[in-house]
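Asker: Structure provided below as structure tokens; questions to follow.
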Amino acid sequence: MAVNGSDRRARLPIHGFDAYTGPDRMSEQKKVNSDAPVPERHPGRAILLAAVTWISTGCGSSHEAALSQDKTASSSMPHMQVRTQPRVLGPHAPRVGKWVADLRFRDVDGKALKLSDVAGRNGLILAMRDPDCPLSKRYTPRIKRLESEAAAQGFGLLLVNPYDRESALRDIDLYALDLPYAVDENEEIARALSVNTTTEFFVIDAAQTLAYRGMIDDQYGLAFAKQKASNTYLLDALADLSSGRNVAVPATEAQGCLLSIGDGPSMPAKVTYQKHVSRIIQKRCQRCHRPGTAAPFSLMSYGDARRRAPMIRLALEEGFMPPWFSVGETGPWSNDARLTTEEKRDLLSWIANGMPEGDPSHAPLPVNYPDGWAIEPDLIVEFPSNDVPAEGVLDYLYQYATADLREERWIKAVEILPGAPQVVHHILFWNESPEYYEGWKKRDPAVVGKFELIERYFAMMVPGQEATRFPKGYGRLLPAQAPLKVQFHYTPDGRAVTDQTRIGFEFSEKPPQRFVESNVSAQFKFAIPPHAENYEISGDFTFPINGTLLSLLPHGHLRAKSFRVDLVLPDGTEELLLDVPQYDFNWQMNYVFEQPREVPKGAVLRATGWYDNSADNPANPDPEQTVRFGRQTTQEMMVIFFQWSPRM
């Protein structure tokens with residue numbers, strides 16, 4: 001339960017894990033035809049032909065076996081998982097959000113062109129082509145229809161053959177293609193975009209920023225074919241761009257025949273704000289650092305970034321921005337805020353070289369941050385207004401409201417919208433039990449003061465966190481006339497303000513395939529002794545049935561210093577899911593799995609937290625006190641909120 005342990009690193013080694021939980025090999029293996037001719041120029045063709053044979057023989061040989069024939073395939077993208085749906089990739093997909101030069105190429109007639117020559121008013125789609133790749137073949141009719149769909153939204157379409165003119169002419173002849181067609185024999189386009197497979201699509205917006213890369217949709221894969229697509233990734237990206245929105249899914253895995261392409265772009269000869277830095281700041285910083293938010297200053301312009309360059313450099317060198325506290329081989333997380341090595345390098349280089357602005361024509365398209373809702377709410381619940389003083393430390397404030405629903409509804413997205421976000425530390429809300437709500441209204445002593453069932457946690461808002469959107473096919477039930485309880489934590493900023501918070505719900509049109517619920521791995525019975533420097537508290541949750549784990553949210557108060565979450569499988573194997581060695585109460589981070597994590601019945605979600613009740617903890621309100629569980633910041637909590645979907 002609770003022990004006063006020594007340094008946790010010495011006792012709890014980190015265990016990495018592979019997110020792919022399927023079988024390592026198919027049950028039977030068939031020989032890949034290695035005698036097929038492979039041009040020396042394109043070692044990646046060995047992989048392509050192995051994939052062709054693998055599919056044509058009924059998917060009998062393993063993708064791993066195909067890979068073993070050629071180790072030169074691009075490693076810039078995550079390892080392709082051939083037996084699954086295309087994965088939605090996280091924020092670190094190669095080249096996404098980066099400036100793309102107006103590259104020159106030759107078409108099949110030998111005419112010299114630039115990308116801008118075939119782009120539409122809103123940008124350009126590049127579609128990789130290979131007449132020998134089975135998935136390229138299967139998607140040909142879809143590509144033909146794409147031309148008119150793209151043109152209607154202001155985008156041009158360019159087919160790109162990464163091999164030679166002969167291959168391109170054969171593709172055109174076989175499929176009667178009448179579209180702009182680039183022959184990328186020198187791999188200039190492929191290297192600039194870090195192309196990985198022959199089925200990748202790329203969307204470059206009107207400001208020459210790579211806005212999307214990945215599959216056109218999920219109808220076909222290396223090991224599956226569906227009657228129709230469940231997700232239209234490319235068209236969704238075009239719709240977002242045409243409407244001035246951020247692309248909701250900027251990258252997916254592109255299942256197809258792997259390519260062997262030379263190294264991508266190296267460090268730019270000269271890093272400028274307009275071409276490089278502006279895109280990094282827009283992608284990583286502006287969600288918080290813009291007017292009307294809780295961030296201390298804006299980073300919306302060159303002047304803003306130049307004035308704040310010393311703080312940017314300090315944040316990079318000390319690692320405290322962007323806020324992200326998970327370390328080690330965990331995740332991957334869909335909301336990972338960390339900068340890439342390339343992004344850090346470019347920012348520091350820009351500062352060291354005098355912060356040049358560059359050509360304003362190279363600036364990215366501005367992001368239309370919503371003044372109001374990021375979702376399209378079907379129901380809005382408004383809470384009473386709260387006066388926040390100009391100074392002081394405020395206790396948590398709790399309020400109730402009722403969702404005015406005559407019948408239960410399935411929710412696919414929820415958003416908490418404060419009226420004064422600049423003073424909001426965090427807001428959490430629960431779908432409270434009617435029994436507790438009625439007792440609370442009557443001030444029943446059997447209820448008031450009792451800690452409610454915190455597993456009814458529904459969603460939260462912290463600075464920079466966008467609306468909660470459940471994965472496609474998932475949803476959460478909101479009961480009719482549901483009592484909603486909200487916890488407000490305000491941090492005065494020197495001005496007295498009034499906040500009125502609203503919660504918006506977006507309904508699903510039909511019941512989801514999978515339902516979502518919340519629970520906790522927690523410990524409620526503990527007593528942290530006075531002056532304890534590294535007090536350990538742990539708690540377990542045992543999964544009653546098979547399911548999928550969606551997210552993890554560690555929560556403690558002022559004495560909490562670190563958290564760890566392990567999954568103990570029924571056979572006793574332990575897997576590290578989350579490691580937060582430097583927990584910061586000022587940032588309530590929800591870690592959302594990029595792909596829902598399968599959990600079997602009987603598995604244990606083990607939460608462990610460490611607490612510093614000593615005088616060396618500058619946030620400690622009183623090191624002389626024995627600290628027990630409670631809701632206020634002067635008390636403590638050891639809770640891992642998690643959302644999961646039971647498999648019924």
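Naming scheme: A, B, ... for chains in displayed order of the structure tokens; residues 1 onward per chain; ligands 1 onward as shown.
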For Arg628 (chain A), list every protein, DNA or RNA residue within 10 Å, evaluated using only C-alpha atoms, and leave out those in the same chain fewer than 4 positions away; present the list as a count of residues only.
Answerer: 10
Asker: Show which residues sit within 9 Å of Thr491 (chain A), as a PyMOL selection string. Count only C-alpha atoms, and ignore same-chain residues fewer than 2 positions away.
Answerer: chain A and resi 388+391-394+422-425+489+493
Asker: Would you mind telling me which residue in A:Gly256, A:Gly214, A:Gly120, A:Pro483 lies nearest to Pro134 (chain A) when using only C-alpha atoms?
Answerer: A:Gly256
Asker: Excluding Cys285 (chain A) and residues on its chain fewer than 5 positions from it, collect all residues at most 10 Å away from it, counting only C-alpha atoms, and give them as a ChimeraX atom specification.
Answerer: /A:278-280,290,295,298-300,321-322,337,464
Asker: Keeping only N, CA and C atoms, write those residues as a short mmCIF file (atom, residue, chain, number, x, y, z; two decimals), in the first residue's frame.
Answerer:
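Just written: again-v7.cif:
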```
data_model
loop_
_atom_site.label_atom_id
_atom_site.label_comp_id
_atom_site.auth_asym_id
_atom_site.auth_seq_id
_atom_site.Cartn_x
_atom_site.Cartn_y
_atom_site.Cartn_z
N SER A 278 8.39 30.11 -38.12
CA SER A 278 6.96 30.39 -38.01
C SER A 278 6.14 29.11 -38.02
N ARG A 279 6.57 28.12 -38.80
CA ARG A 279 5.83 26.86 -38.88
C ARG A 279 5.98 26.04 -37.60
N ILE A 280 7.16 26.09 -37.01
CA ILE A 280 7.36 25.39 -35.75
C ILE A 280 6.51 26.01 -34.65
N ARG A 290 -1.31 32.90 -27.64
CA ARG A 290 -2.07 33.82 -28.48
C ARG A 290 -2.99 34.63 -27.57
N ALA A 295 -1.67 31.64 -21.51
CA ALA A 295 -0.23 31.80 -21.70
C ALA A 295 0.19 33.24 -21.39
N SER A 298 2.06 36.42 -26.22
CA SER A 298 1.66 35.93 -27.54
C SER A 298 2.89 35.65 -28.40
N LEU A 299 2.75 34.65 -29.29
CA LEU A 299 3.80 34.33 -30.27
C LEU A 299 3.18 34.24 -31.66
N MET A 300 2.42 35.24 -32.02
CA MET A 300 1.66 35.21 -33.26
C MET A 300 2.35 35.91 -34.42
N MET A 321 9.31 23.80 -21.93
CA MET A 321 8.29 24.11 -22.92
C MET A 321 8.66 23.41 -24.23
N PRO A 322 7.65 22.97 -24.98
CA PRO A 322 6.25 22.84 -24.60
C PRO A 322 6.08 21.87 -23.44
N ALA A 337 3.46 16.67 -27.18
CA ALA A 337 3.77 18.08 -27.46
C ALA A 337 5.25 18.33 -27.65
N GLY A 464 -4.44 25.03 -23.43
CA GLY A 464 -3.84 24.40 -24.59
C GLY A 464 -4.47 23.10 -25.02
#
```
Asker: Do you know which residues are at most 12 Å from region 143-156 of chain A counting only C-alpha atoms, after dropping those on the same chain fewer than 5 positions away, and could you put them as a PyMOL selection string?
Answerer: chain A and resi 115-129+135-138+172+175-181+199-206+215-217+232+234-243
Asker: Could you please take those selected residues and save C-alpha atoms as a PDB file, in the first residue's frame?
Answerer:
```pdb
ATOM      1  CA  LEU A 115       4.947  22.320 -58.494  1.00  0.00           C
ATOM      2  CA  SER A 116       3.277  25.728 -58.632  1.00  0.00           C
ATOM      3  CA  ASP A 117       2.534  25.177 -62.324  1.00  0.00           C
ATOM      4  CA  VAL A 118       0.039  22.417 -61.501  1.00  0.00           C
ATOM      5  CA  ALA A 119      -1.227  23.656 -58.122  1.00  0.00           C
ATOM      6  CA  GLY A 120      -4.714  25.030 -57.534  1.00  0.00           C
ATOM      7  CA  ARG A 121      -5.609  28.192 -55.639  1.00  0.00           C
ATOM      8  CA  ASN A 122      -5.590  26.303 -52.302  1.00  0.00           C
ATOM      9  CA  GLY A 123      -2.655  24.018 -52.950  1.00  0.00           C
ATOM     10  CA  LEU A 124      -1.532  20.750 -54.499  1.00  0.00           C
ATOM     11  CA  ILE A 125      -1.989  17.017 -53.928  1.00  0.00           C
ATOM     12  CA  LEU A 126       0.893  14.715 -54.843  1.00  0.00           C
ATOM     13  CA  ALA A 127       0.040  11.035 -55.316  1.00  0.00           C
ATOM     14  CA  MET A 128       2.843   8.485 -55.496  1.00  0.00           C
ATOM     15  CA  ARG A 129       2.403   5.917 -58.280  1.00  0.00           C
ATOM     16  CA  LEU A 135      -2.210  -1.198 -53.742  1.00  0.00           C
ATOM     17  CA  SER A 136      -1.259   1.478 -56.260  1.00  0.00           C
ATOM     18  CA  LYS A 137      -3.225  -0.502 -58.824  1.00  0.00           C
ATOM     19  CA  ARG A 138      -6.270  -0.909 -56.597  1.00  0.00           C
ATOM     20  CA  ILE A 172      -0.360   5.810 -68.107  1.00  0.00           C
ATOM     21  CA  TYR A 175      -4.747   2.661 -66.684  1.00  0.00           C
ATOM     22  CA  ALA A 176      -5.566   5.329 -69.280  1.00  0.00           C
ATOM     23  CA  LEU A 177      -4.390   8.082 -66.984  1.00  0.00           C
ATOM     24  CA  ASP A 178      -4.969  11.622 -68.207  1.00  0.00           C
ATOM     25  CA  LEU A 179      -3.518  13.573 -65.297  1.00  0.00           C
ATOM     26  CA  PRO A 180      -0.385  15.662 -64.736  1.00  0.00           C
ATOM     27  CA  TYR A 181       2.392  13.119 -64.204  1.00  0.00           C
ATOM     28  CA  THR A 199       0.635   4.706 -51.875  1.00  0.00           C
ATOM     29  CA  GLU A 200       1.377   7.939 -50.037  1.00  0.00           C
ATOM     30  CA  PHE A 201      -0.498  11.143 -50.749  1.00  0.00           C
ATOM     31  CA  PHE A 202       0.818  14.574 -49.824  1.00  0.00           C
ATOM     32  CA  VAL A 203      -1.123  17.829 -49.517  1.00  0.00           C
ATOM     33  CA  ILE A 204       0.823  21.082 -49.809  1.00  0.00           C
ATOM     34  CA  ASP A 205      -1.211  24.165 -48.960  1.00  0.00           C
ATOM     35  CA  ALA A 206      -1.154  27.530 -50.714  1.00  0.00           C
ATOM     36  CA  MET A 215      -3.391   7.206 -47.234  1.00  0.00           C
ATOM     37  CA  ILE A 216      -6.221   8.550 -49.356  1.00  0.00           C
ATOM     38  CA  ASP A 217      -8.585   6.421 -47.217  1.00  0.00           C
ATOM     39  CA  THR A 232     -11.637   9.428 -45.877  1.00  0.00           C
ATOM     40  CA  LEU A 234      -7.392  12.910 -47.638  1.00  0.00           C
ATOM     41  CA  LEU A 235     -10.794  14.426 -48.398  1.00  0.00           C
ATOM     42  CA  ASP A 236     -11.187  15.325 -44.723  1.00  0.00           C
ATOM     43  CA  ALA A 237      -7.841  17.137 -44.850  1.00  0.00           C
ATOM     44  CA  LEU A 238      -8.925  19.081 -47.953  1.00  0.00           C
ATOM     45  CA  ALA A 239     -12.190  20.065 -46.273  1.00  0.00           C
ATOM     46  CA  ASP A 240     -10.319  21.300 -43.198  1.00  0.00           C
ATOM     47  CA  LEU A 241      -7.923  23.379 -45.298  1.00  0.00           C
ATOM     48  CA  SER A 242     -10.692  24.808 -47.489  1.00  0.00           C
ATOM     49  CA  SER A 243     -12.538  25.908 -44.340  1.00  0.00           C
TER      50      SER A 243
END
```
Asker: My list of candidates is A:Arg469, A:Lys111, A:Lys485, A:Arg95. Which is closest to Phe505 (chain A) when distances are computed with only C-alpha atoms?
Answerer: A:Arg469
Asker: List every residue of region 192-433 of chain A that DSSP, applied to the backbone of this structure, assigns to strand (DSSP E), and report them as a compact mmCIF listing (two decimals) with N, CA and C atoms, in the first residue's frame.
Answerer:
```txt
# COMPACT_ATOMS: atom_id res chain seq x y z
N PHE A 201 0.02 9.90 -50.19
CA PHE A 201 -0.50 11.14 -50.75
C PHE A 201 0.01 12.29 -49.88
N PHE A 202 0.31 13.41 -50.53
CA PHE A 202 0.82 14.57 -49.82
C PHE A 202 -0.02 15.79 -50.22
N VAL A 203 -0.38 16.60 -49.25
CA VAL A 203 -1.12 17.83 -49.52
C VAL A 203 -0.26 19.01 -49.09
N ILE A 204 0.05 19.86 -50.06
CA ILE A 204 0.82 21.08 -49.81
C ILE A 204 -0.14 22.25 -49.95
N ASP A 205 -0.24 23.08 -48.91
CA ASP A 205 -1.21 24.16 -48.96
C ASP A 205 -0.69 25.34 -49.78
N LEU A 210 3.56 21.54 -45.86
CA LEU A 210 3.04 20.18 -45.98
C LEU A 210 1.98 19.99 -44.90
N ALA A 211 0.72 19.93 -45.32
CA ALA A 211 -0.40 19.90 -44.38
C ALA A 211 -0.89 18.49 -44.09
N TYR A 212 -0.63 17.55 -45.00
CA TYR A 212 -1.09 16.17 -44.79
C TYR A 212 -0.18 15.22 -45.55
N ARG A 213 0.02 14.03 -44.96
CA ARG A 213 0.68 12.92 -45.65
C ARG A 213 0.04 11.63 -45.17
N GLY A 214 -0.14 10.67 -46.09
CA GLY A 214 -0.69 9.38 -45.68
C GLY A 214 -1.57 8.77 -46.74
N TYR A 220 -8.43 -0.04 -48.63
CA TYR A 220 -7.54 -1.14 -48.97
C TYR A 220 -6.28 -1.08 -48.11
N GLY A 221 -5.76 -2.26 -47.78
CA GLY A 221 -4.50 -2.37 -47.07
C GLY A 221 -3.74 -3.58 -47.58
N PHE A 224 -6.04 -6.48 -46.25
CA PHE A 224 -7.49 -6.38 -46.15
C PHE A 224 -8.03 -5.56 -47.32
N ALA A 225 -9.31 -5.73 -47.57
CA ALA A 225 -10.04 -4.90 -48.53
C ALA A 225 -11.47 -4.81 -48.02
N LEU A 379 -25.68 20.23 -27.74
CA LEU A 379 -26.21 20.59 -26.42
C LEU A 379 -25.17 21.42 -25.70
N ILE A 380 -25.60 22.55 -25.12
CA ILE A 380 -24.71 23.41 -24.34
C ILE A 380 -25.28 23.54 -22.93
N VAL A 381 -24.45 23.23 -21.94
CA VAL A 381 -24.83 23.35 -20.54
C VAL A 381 -24.04 24.51 -19.94
N GLU A 382 -24.75 25.48 -19.37
CA GLU A 382 -24.12 26.67 -18.82
C GLU A 382 -24.12 26.60 -17.30
N ASN A 386 -18.67 32.84 -11.91
CA ASN A 386 -17.81 32.89 -10.74
C ASN A 386 -16.94 34.13 -10.80
N ASP A 387 -16.88 34.85 -9.69
CA ASP A 387 -16.00 36.02 -9.59
C ASP A 387 -14.62 35.56 -9.11
N VAL A 388 -13.61 35.88 -9.89
CA VAL A 388 -12.24 35.50 -9.56
C VAL A 388 -11.50 36.76 -9.14
N LEU A 397 -13.42 25.07 -6.41
CA LEU A 397 -14.83 25.45 -6.37
C LEU A 397 -15.64 24.40 -7.13
N TYR A 398 -16.75 23.96 -6.55
CA TYR A 398 -17.59 22.94 -7.18
C TYR A 398 -18.97 23.53 -7.48
N GLN A 399 -19.48 23.21 -8.66
CA GLN A 399 -20.82 23.63 -9.05
C GLN A 399 -21.53 22.49 -9.78
N TYR A 400 -22.87 22.57 -9.76
CA TYR A 400 -23.69 21.58 -10.46
C TYR A 400 -24.54 22.26 -11.53
N ALA A 401 -24.84 21.49 -12.55
CA ALA A 401 -25.85 21.85 -13.54
C ALA A 401 -26.43 20.54 -14.07
N THR A 402 -27.54 20.65 -14.76
CA THR A 402 -28.21 19.45 -15.28
C THR A 402 -28.26 19.51 -16.80
N ARG A 409 -28.17 10.15 -24.69
CA ARG A 409 -27.55 10.36 -25.99
C ARG A 409 -26.10 9.90 -25.94
N TRP A 410 -25.63 9.43 -27.09
CA TRP A 410 -24.23 9.05 -27.23
C TRP A 410 -23.43 10.27 -27.66
N ILE A 411 -22.29 10.46 -27.01
CA ILE A 411 -21.46 11.64 -27.23
C ILE A 411 -20.20 11.23 -27.99
N LYS A 412 -19.89 11.97 -29.06
CA LYS A 412 -18.65 11.70 -29.79
C LYS A 412 -17.58 12.77 -29.53
N ALA A 413 -17.99 13.93 -28.99
CA ALA A 413 -17.02 14.96 -28.65
C ALA A 413 -17.60 15.84 -27.55
N VAL A 414 -16.72 16.37 -26.71
CA VAL A 414 -17.15 17.24 -25.62
C VAL A 414 -16.09 18.33 -25.46
N GLU A 415 -16.53 19.53 -25.12
CA GLU A 415 -15.61 20.65 -24.96
C GLU A 415 -16.03 21.50 -23.78
N ILE A 416 -15.07 21.88 -22.96
CA ILE A 416 -15.29 22.80 -21.84
C ILE A 416 -14.78 24.17 -22.27
N LEU A 417 -15.65 25.16 -22.28
CA LEU A 417 -15.31 26.49 -22.78
C LEU A 417 -15.46 27.52 -21.66
N VAL A 424 -7.81 30.25 -15.68
CA VAL A 424 -8.18 28.85 -15.45
C VAL A 424 -6.94 27.98 -15.36
N HIS A 425 -6.75 27.33 -14.23
CA HIS A 425 -5.69 26.33 -14.08
C HIS A 425 -6.15 25.01 -14.69
N HIS A 426 -7.33 24.57 -14.26
CA HIS A 426 -7.97 23.43 -14.92
C HIS A 426 -9.43 23.38 -14.52
N ILE A 427 -10.22 22.70 -15.34
CA ILE A 427 -11.63 22.43 -15.05
C ILE A 427 -11.88 20.96 -15.35
N LEU A 428 -12.42 20.25 -14.40
CA LEU A 428 -12.83 18.86 -14.59
C LEU A 428 -14.32 18.75 -14.38
N PHE A 429 -14.94 17.80 -15.08
CA PHE A 429 -16.35 17.57 -14.77
C PHE A 429 -16.67 16.10 -14.77
N TRP A 430 -17.67 15.79 -13.94
CA TRP A 430 -18.13 14.43 -13.74
C TRP A 430 -19.60 14.33 -14.11
N ASN A 431 -20.01 13.17 -14.56
CA ASN A 431 -21.42 12.83 -14.66
C ASN A 431 -21.80 12.24 -13.32
```
Asker: In region 176-208 of chain A, what's alpha helix (DSSP H) per DSSP? Answer as a ChimeraX atom specification?
Answerer: /A:188-193
Asker: Write the residues you've just listed into a file as a JSON list (two decimals), in the first residue's frame, and include N, CA and C atoms for each of them.
Answerer:
```
[["chain", "number", "residue", "atom", "x", "y", "z"],
["A", 188, "GLU", "N", 14.12, 13.91, -56.39],
["A", 188, "GLU", "CA", 14.11, 15.21, -55.72],
["A", 188, "GLU", "C", 12.82, 15.42, -54.94],
["A", 189, "ILE", "N", 11.69, 15.07, -55.54],
["A", 189, "ILE", "CA", 10.42, 15.19, -54.83],
["A", 189, "ILE", "C", 10.36, 14.21, -53.67],
["A", 190, "ALA", "N", 10.76, 12.96, -53.95],
["A", 190, "ALA", "CA", 10.68, 11.92, -52.92],
["A", 190, "ALA", "C", 11.55, 12.24, -51.72],
["A", 191, "ARG", "N", 12.75, 12.76, -51.96],
["A", 191, "ARG", "CA", 13.64, 13.10, -50.84],
["A", 191, "ARG", "C", 13.14, 14.31, -50.08],
["A", 192, "ALA", "N", 12.60, 15.30, -50.80],
["A", 192, "ALA", "CA", 12.11, 16.51, -50.13],
["A", 192, "ALA", "C", 10.95, 16.20, -49.19],
["A", 193, "LEU", "N", 10.15, 15.18, -49.55],
["A", 193, "LEU", "CA", 8.98, 14.83, -48.74],
["A", 193, "LEU", "C", 9.22, 13.61, -47.84]]
```
Asker: With only C-alpha atoms as the basis for distance, which of A:Thr498, A:Gln465, A:Ser508, A:Gln286 is at the shortest distance from Pro366 (chain A)?
Answerer: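 Among A:Thr498, A:Gln465, A:Ser508, A:Gln286, it is A:Gln286 that comes nearest to Pro366 (chain A).
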Asker: Which residues come within 9 Å of Val599 (chain A), counting only C-alpha atoms, excluding same-chain residues fewer than 4 positions away, as a PDB file with C-alpha atoms, in the first residue's frame?
Answerer:
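Writing the result to around26.pdb gives the following:
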```pdb
ATOM      1  CA  PHE A 543      -9.851  -5.072 -15.591  1.00  0.00           C
ATOM      2  CA  ILE A 545     -13.186  -8.011 -18.969  1.00  0.00           C
ATOM      3  CA  ASN A 546     -11.157  -7.504 -22.130  1.00  0.00           C
ATOM      4  CA  GLY A 547     -11.032  -3.935 -23.425  1.00  0.00           C
ATOM      5  CA  THR A 548      -8.997  -1.127 -24.899  1.00  0.00           C
ATOM      6  CA  LEU A 549      -7.268   1.618 -22.934  1.00  0.00           C
ATOM      7  CA  LEU A 567       0.234  -2.853 -16.734  1.00  0.00           C
ATOM      8  CA  LEU A 569      -0.639  -8.921 -17.389  1.00  0.00           C
ATOM      9  CA  ALA A 603      -4.769  -7.403 -16.172  1.00  0.00           C
TER      10      ALA A 603
END
```
Asker: Hey, what's within 12 Å of Asp616 (chain A) if we count only C-alpha atoms and toss same-chain stuff fewer than 6 positions away? As a list in words, please?
Answerer: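 After dropping sequence-adjacent residues, the list is His531, Ala532, Glu533, Asn534, Arg559, Asp622 and Pro623 of chain A.
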Asker: Please produce an output containing N, CA and C atoms for each residue in the selection, written as a CSV table (one decimal), in the first residue's frame.
Answerer:
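File produced: again_36.csv:
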```csv
chain,number,residue,atom,x,y,z
A,531,HIS,N,7.6,15.7,7.0
A,531,HIS,CA,9.0,15.7,6.5
A,531,HIS,C,9.4,14.6,5.6
A,532,ALA,N,8.5,13.7,5.2
A,532,ALA,CA,8.8,12.6,4.3
A,532,ALA,C,9.2,13.2,3.0
A,533,GLU,N,10.4,12.7,2.4
A,533,GLU,CA,10.9,13.3,1.2
A,533,GLU,C,10.4,12.5,-0.1
A,534,ASN,N,10.2,11.3,0.1
A,534,ASN,CA,10.0,10.4,-1.1
A,534,ASN,C,9.0,9.3,-0.7
A,559,ARG,N,2.2,18.2,-3.1
A,559,ARG,CA,3.3,17.4,-2.6
A,559,ARG,C,3.7,16.2,-3.6
A,622,ASP,N,2.7,23.0,4.4
A,622,ASP,CA,3.1,22.8,5.8
A,622,ASP,C,3.7,21.4,6.0
A,623,PRO,N,5.0,21.4,6.0
A,623,PRO,CA,5.7,20.1,6.2
A,623,PRO,C,5.5,19.4,7.6
```
